[in-house]
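Source file structure.cif; content: mmCIF, C-alpha atoms.
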```cif
data_query
loop_
_atom_site.label_atom_id
_atom_site.label_comp_id
_atom_site.auth_asym_id
_atom_site.auth_seq_id
_atom_site.Cartn_x
_atom_site.Cartn_y
_atom_site.Cartn_z
CA MET A 23 -66.89 -38.07 -16.01
CA ILE A 24 -64.63 -36.02 -13.72
CA SER A 25 -60.95 -36.79 -14.19
CA ASN A 26 -58.86 -37.51 -11.11
CA ARG A 27 -55.57 -36.69 -12.82
CA PRO A 28 -53.41 -34.06 -11.08
CA ARG A 29 -53.85 -30.59 -12.55
CA ALA A 30 -51.25 -27.88 -13.03
CA THR A 31 -53.73 -25.17 -11.98
CA GLY A 32 -55.94 -24.71 -8.99
CA LEU A 33 -58.50 -22.79 -11.05
CA THR A 34 -61.74 -24.69 -11.52
CA PRO A 35 -63.12 -25.43 -15.01
CA ALA A 36 -65.81 -22.81 -14.37
CA GLU A 37 -63.19 -20.22 -13.42
CA LEU A 38 -61.15 -21.06 -16.52
CA ASP A 39 -64.22 -20.70 -18.74
CA ALA A 40 -64.90 -17.30 -17.18
CA LEU A 41 -61.30 -16.19 -17.77
CA ARG A 42 -61.43 -17.30 -21.41
CA THR A 43 -64.68 -15.44 -21.96
CA HIS A 44 -63.24 -12.36 -20.28
CA ALA A 45 -60.06 -12.52 -22.40
CA ALA A 46 -61.97 -12.99 -25.65
CA ARG A 47 -64.20 -10.02 -24.84
CA GLU A 48 -61.51 -7.59 -23.62
CA ALA A 49 -58.39 -8.45 -25.63
CA GLY A 50 -59.44 -6.42 -28.65
CA PRO A 51 -57.78 -6.52 -32.06
CA PHE A 52 -54.53 -4.79 -31.04
CA ALA A 53 -51.84 -6.08 -28.68
CA ASP A 54 -51.02 -4.06 -25.58
CA PRO A 55 -47.19 -3.54 -25.49
CA GLY A 56 -47.27 -3.24 -21.71
CA VAL A 57 -48.98 -6.62 -21.31
CA LEU A 58 -46.56 -8.18 -23.81
CA ARG A 59 -43.58 -6.89 -21.83
CA ARG A 60 -44.97 -8.12 -18.52
CA LEU A 61 -46.09 -11.52 -19.79
CA ARG A 62 -44.88 -14.46 -17.77
CA VAL A 63 -46.15 -17.98 -17.31
CA HIS A 64 -45.63 -20.10 -14.23
CA ASP A 65 -44.60 -23.15 -16.27
CA GLY A 66 -45.49 -24.98 -19.46
CA GLU A 67 -47.91 -27.39 -17.81
CA TRP A 68 -49.80 -24.55 -16.19
CA ALA A 69 -49.99 -22.64 -19.48
CA THR A 70 -51.26 -25.76 -21.25
CA GLU A 71 -54.10 -26.05 -18.71
CA ILE A 72 -55.03 -22.38 -19.12
CA LEU A 73 -54.92 -22.44 -22.92
CA ALA A 74 -56.60 -25.87 -23.24
CA ARG A 75 -53.94 -26.75 -25.82
CA PRO A 76 -50.23 -27.60 -25.72
CA TYR A 77 -48.11 -24.56 -24.81
CA GLY A 78 -45.36 -24.02 -27.38
CA GLY A 79 -43.68 -20.98 -25.85
CA PRO A 80 -44.47 -17.23 -25.92
CA HIS A 81 -43.72 -16.82 -29.61
CA ALA A 82 -46.44 -19.33 -30.52
CA LEU A 83 -49.19 -17.34 -28.77
CA SER A 84 -51.85 -15.21 -30.36
CA TRP A 85 -52.65 -11.88 -28.73
CA PRO A 86 -55.91 -13.16 -27.15
CA GLU A 87 -53.93 -16.08 -25.68
CA VAL A 88 -51.32 -13.70 -24.30
CA TYR A 89 -54.08 -11.70 -22.67
CA LEU A 90 -55.68 -14.86 -21.29
CA LEU A 91 -52.41 -15.90 -19.67
CA HIS A 92 -52.01 -12.35 -18.34
CA LEU A 93 -55.39 -12.59 -16.65
CA ALA A 94 -54.71 -16.12 -15.39
CA VAL A 95 -51.46 -15.08 -13.69
CA GLN A 96 -53.36 -12.39 -11.82
CA ALA A 97 -56.12 -14.84 -10.90
CA GLU A 98 -53.64 -17.49 -9.77
CA PRO A 99 -50.30 -16.02 -8.62
CA THR A 100 -49.18 -19.27 -6.95
CA PRO A 101 -50.39 -22.39 -8.78
CA PRO A 102 -49.69 -25.95 -7.56
CA PRO A 103 -46.45 -27.64 -8.63
CA PRO A 104 -46.56 -28.92 -12.23
CA PRO A 105 -47.68 -32.55 -11.80
CA ARG A 106 -45.70 -34.17 -14.64
CA ALA A 107 -42.48 -32.40 -13.66
CA ALA A 108 -43.06 -33.25 -9.99
CA ALA A 109 -43.75 -36.90 -10.86
CA ALA A 110 -40.61 -37.08 -13.03
CA ARG A 111 -38.53 -35.53 -10.25
CA ALA A 112 -39.94 -37.99 -7.71
CA ALA A 113 -39.17 -40.90 -10.06
CA ARG A 114 -35.58 -39.66 -10.52
CA GLU A 115 -35.16 -39.36 -6.77
CA LEU A 116 -36.43 -42.91 -6.29
CA GLU A 117 -34.02 -44.19 -8.96
CA GLU A 118 -31.11 -42.30 -7.43
CA THR A 119 -31.98 -43.62 -3.96
CA ALA A 120 -32.19 -47.18 -5.30
CA ALA A 121 -28.88 -46.76 -7.14
CA ARG A 122 -27.16 -45.43 -4.00
CA ARG A 123 -28.60 -48.32 -1.95
CA ALA A 124 -27.44 -50.88 -4.54
CA ALA A 125 -23.98 -49.31 -4.66
CA ALA A 126 -23.73 -49.36 -0.87
CA GLU A 127 -24.85 -52.99 -0.74
CA GLU A 128 -22.32 -53.96 -3.42
CA ALA A 129 -19.56 -52.10 -1.61
CA ALA A 130 -20.47 -53.89 1.63
CA ARG A 131 -20.48 -57.25 -0.19
CA GLN A 132 -17.03 -56.56 -1.65
CA GLU A 133 -15.69 -55.49 1.77
CA GLU A 134 -17.01 -58.67 3.36
CA GLU A 135 -15.56 -60.85 0.59
CA TRP A 136 -12.17 -59.12 0.93
CA ARG A 137 -12.09 -59.70 4.70
CA GLU A 138 -12.91 -63.38 4.18
CA LEU A 139 -10.23 -63.80 1.51
CA VAL A 140 -7.60 -62.04 3.62
CA ALA A 141 -8.52 -64.21 6.61
CA ALA A 142 -8.16 -67.38 4.51
CA PHE A 143 -4.70 -66.32 3.34
CA HIS A 144 -3.63 -65.29 6.84
CA ALA A 145 -4.75 -68.64 8.19
CA ALA A 146 -2.34 -70.23 5.70
CA GLY A 147 0.48 -67.91 6.84
CA VAL A 148 0.32 -65.58 3.85
CA ARG A 149 -0.08 -61.89 4.54
CA VAL A 150 -1.44 -59.62 1.81
CA GLU A 151 -2.11 -55.94 1.27
CA VAL A 152 -3.41 -53.70 -1.50
CA ARG A 153 -0.89 -51.83 -3.63
CA HIS A 154 -1.42 -49.48 -6.55
CA ASN A 155 0.37 -49.95 -9.85
CA TYR A 156 2.27 -46.76 -10.69
CA THR A 157 4.21 -48.38 -13.52
CA SER A 158 1.84 -46.72 -15.99
CA HIS A 159 2.97 -43.24 -17.01
CA ARG A 160 -0.63 -42.06 -17.26
CA HIS A 161 -0.81 -40.52 -13.82
CA ALA A 162 -1.65 -36.84 -13.53
CA GLU A 163 -3.48 -34.55 -11.13
CA PHE A 164 -6.95 -35.51 -12.34
CA TYR A 165 -6.24 -38.79 -14.16
CA THR A 166 -4.96 -42.12 -12.90
CA GLN A 167 -4.47 -45.35 -14.80
CA GLY A 168 -3.34 -48.49 -13.06
CA ALA A 169 -4.99 -51.24 -11.08
CA ASP A 170 -4.92 -51.90 -7.36
CA HIS A 171 -3.30 -55.29 -6.84
CA VAL A 172 -3.21 -57.98 -4.18
CA TYR A 173 0.39 -57.76 -2.97
CA LEU A 174 1.98 -60.77 -1.25
CA LEU A 175 4.10 -60.11 1.81
CA ASP A 176 4.88 -63.83 2.12
CA PRO A 177 5.54 -66.52 -0.49
CA LEU A 178 2.57 -68.52 -1.69
CA GLN A 179 2.37 -72.06 -3.04
CA VAL A 180 -1.00 -73.69 -3.53
CA GLY A 181 -1.24 -76.40 -6.16
CA ARG A 182 0.41 -75.15 -9.31
CA LEU A 183 0.18 -71.52 -8.23
CA ARG A 184 3.53 -70.28 -6.93
CA ARG A 185 4.42 -66.72 -6.12
CA ASP A 186 7.40 -65.23 -4.33
CA ALA A 187 6.98 -62.69 -1.57
CA ARG A 188 6.93 -59.00 -2.55
CA VAL A 189 5.05 -59.42 -5.82
CA ALA A 190 1.47 -59.00 -6.97
CA LEU A 191 -0.67 -62.11 -7.00
CA CYS A 192 -1.09 -61.68 -10.77
CA HIS A 193 2.70 -61.50 -11.28
CA THR A 194 4.19 -63.58 -14.08
CA LEU A 195 7.47 -63.39 -15.97
CA SER A 196 5.66 -61.96 -18.98
CA ASN A 197 3.97 -59.09 -17.12
CA ALA A 198 6.74 -58.33 -14.60
CA ARG A 199 7.76 -55.13 -16.40
CA ASN A 200 4.23 -53.79 -16.05
CA LEU A 201 4.29 -54.33 -12.27
CA GLU A 202 7.58 -52.72 -11.31
CA TYR A 203 6.24 -49.94 -9.08
CA LEU A 204 3.55 -51.09 -6.68
CA GLU A 205 3.01 -48.55 -3.93
CA PRO A 206 1.19 -49.23 -0.64
CA THR A 207 -2.25 -47.65 -0.27
CA SER A 208 -3.56 -46.10 2.92
CA ASP A 209 -7.13 -45.16 2.02
CA GLY A 210 -8.79 -48.54 2.60
CA ARG A 211 -9.34 -49.25 -1.08
CA LEU A 212 -10.01 -52.78 -2.29
CA PRO A 213 -8.08 -54.53 -5.06
CA SER A 214 -9.38 -53.91 -8.56
CA CYS A 215 -7.09 -56.23 -10.54
CA ARG A 216 -9.39 -58.95 -11.86
CA THR A 217 -6.56 -61.44 -12.27
CA CYS A 218 -5.41 -60.96 -8.68
CA LEU A 219 -8.94 -61.40 -7.43
CA ARG A 220 -9.53 -64.48 -9.57
CA HIS A 221 -6.35 -66.11 -8.21
CA MET A 222 -7.22 -65.09 -4.68
CA ARG A 223 -10.72 -66.55 -4.83
CA SER A 224 -9.59 -69.84 -6.34
CA THR A 225 -6.70 -70.08 -3.86
CA ALA A 226 -8.99 -69.38 -0.90
CA ARG A 227 -11.31 -72.18 -2.03
CA ARG A 228 -8.37 -74.58 -2.21
CA LEU A 229 -7.16 -73.51 1.24
CA ALA A 230 -10.62 -74.16 2.68
CA VAL A 231 -10.61 -77.82 1.55
#
```
Take the structure in the file and give it back as structure tokens.
Amino acid sequence: MISNRPRATGLTPAELDALRTHAAREAGPFADPGVLRRLRVHDGEWATEILARPYGGPHALSWPEVYLLHLAVQAEPTPPPPPRAAAARAARELEETAARRAAAEEAARQEEEWRELVAAFHAAGVRVEVRHNYTSHRHAEFYTQGADHVYLLDPLQVGRLRRDARVALCHTLSNARNLEYLEPTSDGRLPSCRTCLRHMRSTARRLAV
């Protein structure tokens, strides 16, 4: 039965048999230093096809196998792309494309949710913006620690939730010292503080009732 699997060589089985016969007849008992110096293989998959066994690198070759690969390179200077490597690369590209699409969809979902939450607060007369917490001392050129908070520009009172203006939505007496320096952002970032977002979502649901 003829296999339909992709092959790493364009040489036919008959051509490979002829090369192997030629190599076995002409290699001789002694290695040719010039052939050894010039030896190259296109890739491991190609060499495996030529040798009819797994290719383990140049140091695992016998002299007749070196000579066979030498002849095969001359017979096939430009083989097809290695099928397993090409398939793996295509699979990685598909995964990366899917990951980028999922990330873009999630970013769009978060943007839409933020617009809806801001609109709900504005409808209740409460303006908000995103501010970064610079209270943490771990801020350097290539390292930043500190969440992006929902910052209230107006006071908020919904049910038992009460917040003054000019504080983060997650502000409490116990965490006030950790929220002393909240700087405005100008790069369109969304809030990352989970507590702020949790309060904002629950408050927006109450405002919608």
Check your understanding: Nearest to Glu67 (chain A) among A:Arg29, A:Arg47, A:His92, A:His81, with distances taken over all atoms listed in the file: which residue is it?
Key -> A:Arg29
Practice item. Go ahead and find all residues with at least one atom no further than 9 Å from (8.8, -56.8, -3.7) in the file's coordinates, using all atoms listed in the file; report them as an MDAnalysis selection string. Key: chainID A and resid 173:175 186:190 202 204
So what does the PyMOL selection byres ((chain A and resi 214) around 7) actually pick up in this one, as a compact mmCIF listing (two decimals) with C-alpha atoms, in the coordinates of the input?
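Okay, this is what ended up in out_21.txt:
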```txt
# COMPACT_ATOMS: atom_id res chain seq x y z
CA ALA A 169 -4.99 -51.24 -11.08
CA ASP A 170 -4.92 -51.90 -7.36
CA HIS A 171 -3.30 -55.29 -6.84
CA LEU A 212 -10.01 -52.78 -2.29
CA PRO A 213 -8.08 -54.53 -5.06
CA CYS A 215 -7.09 -56.23 -10.54
CA ARG A 216 -9.39 -58.95 -11.86
```
May I have the residues within 9 Å of Leu183 (chain A) as a compact mmCIF listing (two decimals) with C-alpha atoms, in the frame of the given file, using all atoms listed in the file and disregarding those fewer than 4 positions away in the same chain?
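The resulting selection_20.txt:
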```txt
# COMPACT_ATOMS: atom_id res chain seq x y z
CA LEU A 178 2.57 -68.52 -1.69
CA GLN A 179 2.37 -72.06 -3.04
CA HIS A 221 -6.35 -66.11 -8.21
CA THR A 225 -6.70 -70.08 -3.86
```
Exercise for review: Report the distance between CA of Cys218 (chain A) and CA of His144 (chain A) in Å, rounded to one decimal place.
Suggested key: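 Answer for the CA of Cys218 (chain A) to CA of His144 (chain A) separation: 16.2 Å.
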Exercise for review: Select, from A:Val180, A:Ala69, A:Leu191, A:Leu33, the residue with the minimum atom-to-atom distance to Leu83 (chain A), counting all atoms listed in the file.
Suggested key: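 Checking each of A:Val180, A:Ala69, A:Leu191, A:Leu33 against Leu83 (chain A), counting all atoms listed in the file, the winner is A:Ala69.
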Point to revise | For Glu205 (chain A): contacts at 9 Å, only C-alpha atoms, fewer than 3 positions along chain excluded, given as a ChimeraX atom specification | key: /A:152-156
Save out the residues we just selected, C-alpha atoms, as a compact mmCIF listing (two decimals), in the frame of the given file.
```txt
# COMPACT_ATOMS: atom_id res chain seq x y z
CA VAL A 152 -3.41 -53.70 -1.50
CA ARG A 153 -0.89 -51.83 -3.63
CA HIS A 154 -1.42 -49.48 -6.55
CA ASN A 155 0.37 -49.95 -9.85
CA TYR A 156 2.27 -46.76 -10.69
```
Review point. So what do you get for CA of Ala46 (chain A) versus CA of Leu90 (chain A), distance-wise?
Key: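 That distance, rounded to one decimal, is 7.9 Å.
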Once you count all atoms listed in the file, what closest atom pair and distance in Å to one decimal does each residue of region 80-197 of chain A within 9 Å of region 62-66 of chain A have, with rows by chain and rising residue number, as a Markdown table?
```
| residue | atom | partner | partner_atom | distance |
| --- | --- | --- | --- | --- |
| A:Pro80 | CA | A:Arg62 | CA | 8.6 |
| A:Leu91 | CA | A:Val63 | CA | 7.0 |
| A:His92 | CA | A:Arg62 | CA | 7.5 |
| A:Ala94 | CA | A:Val63 | CA | 9.0 |
| A:Val95 | CA | A:Val63 | CA | 7.1 |
| A:Pro99 | CA | A:His64 | CA | 8.4 |
| A:Thr100 | CA | A:His64 | CA | 8.1 |
| A:Pro101 | CA | A:His64 | CA | 7.6 |
| A:Pro104 | CA | A:Asp65 | CA | 7.3 |
```
**Study point:** Picked residues, the PyMOL selection byres ((chain A and resi 226) around 10), as a list in words
**Key:** Glu138, Leu139, Val140, Ala141, Ala142, Phe143, Ala146, Val180, Arg220, His221, Met222, Arg223, Ser224, Thr225, Arg227, Arg228, Leu229, Ala230 and Val231 of chain A
Work out where the centre of an axis-aligned box around every listed atom of region 87-93 of chain A lies and how long its edges are once 6 Å is added on each side; give both in Å to one decimal as JSON.
```
{"center_x": -53.5, "center_y": -13.9, "center_z": -21.2, "size_x": 16.4, "size_y": 16.4, "size_z": 21.0}
```
Exercise for review: Give the answer as one residue: which of A:Glu134, A:Ala112, A:Glu151, A:Gly78 has the shortest atom-to-atom distance to Asp209 (chain A), using only C-alpha atoms?
Suggested key: A:Glu151
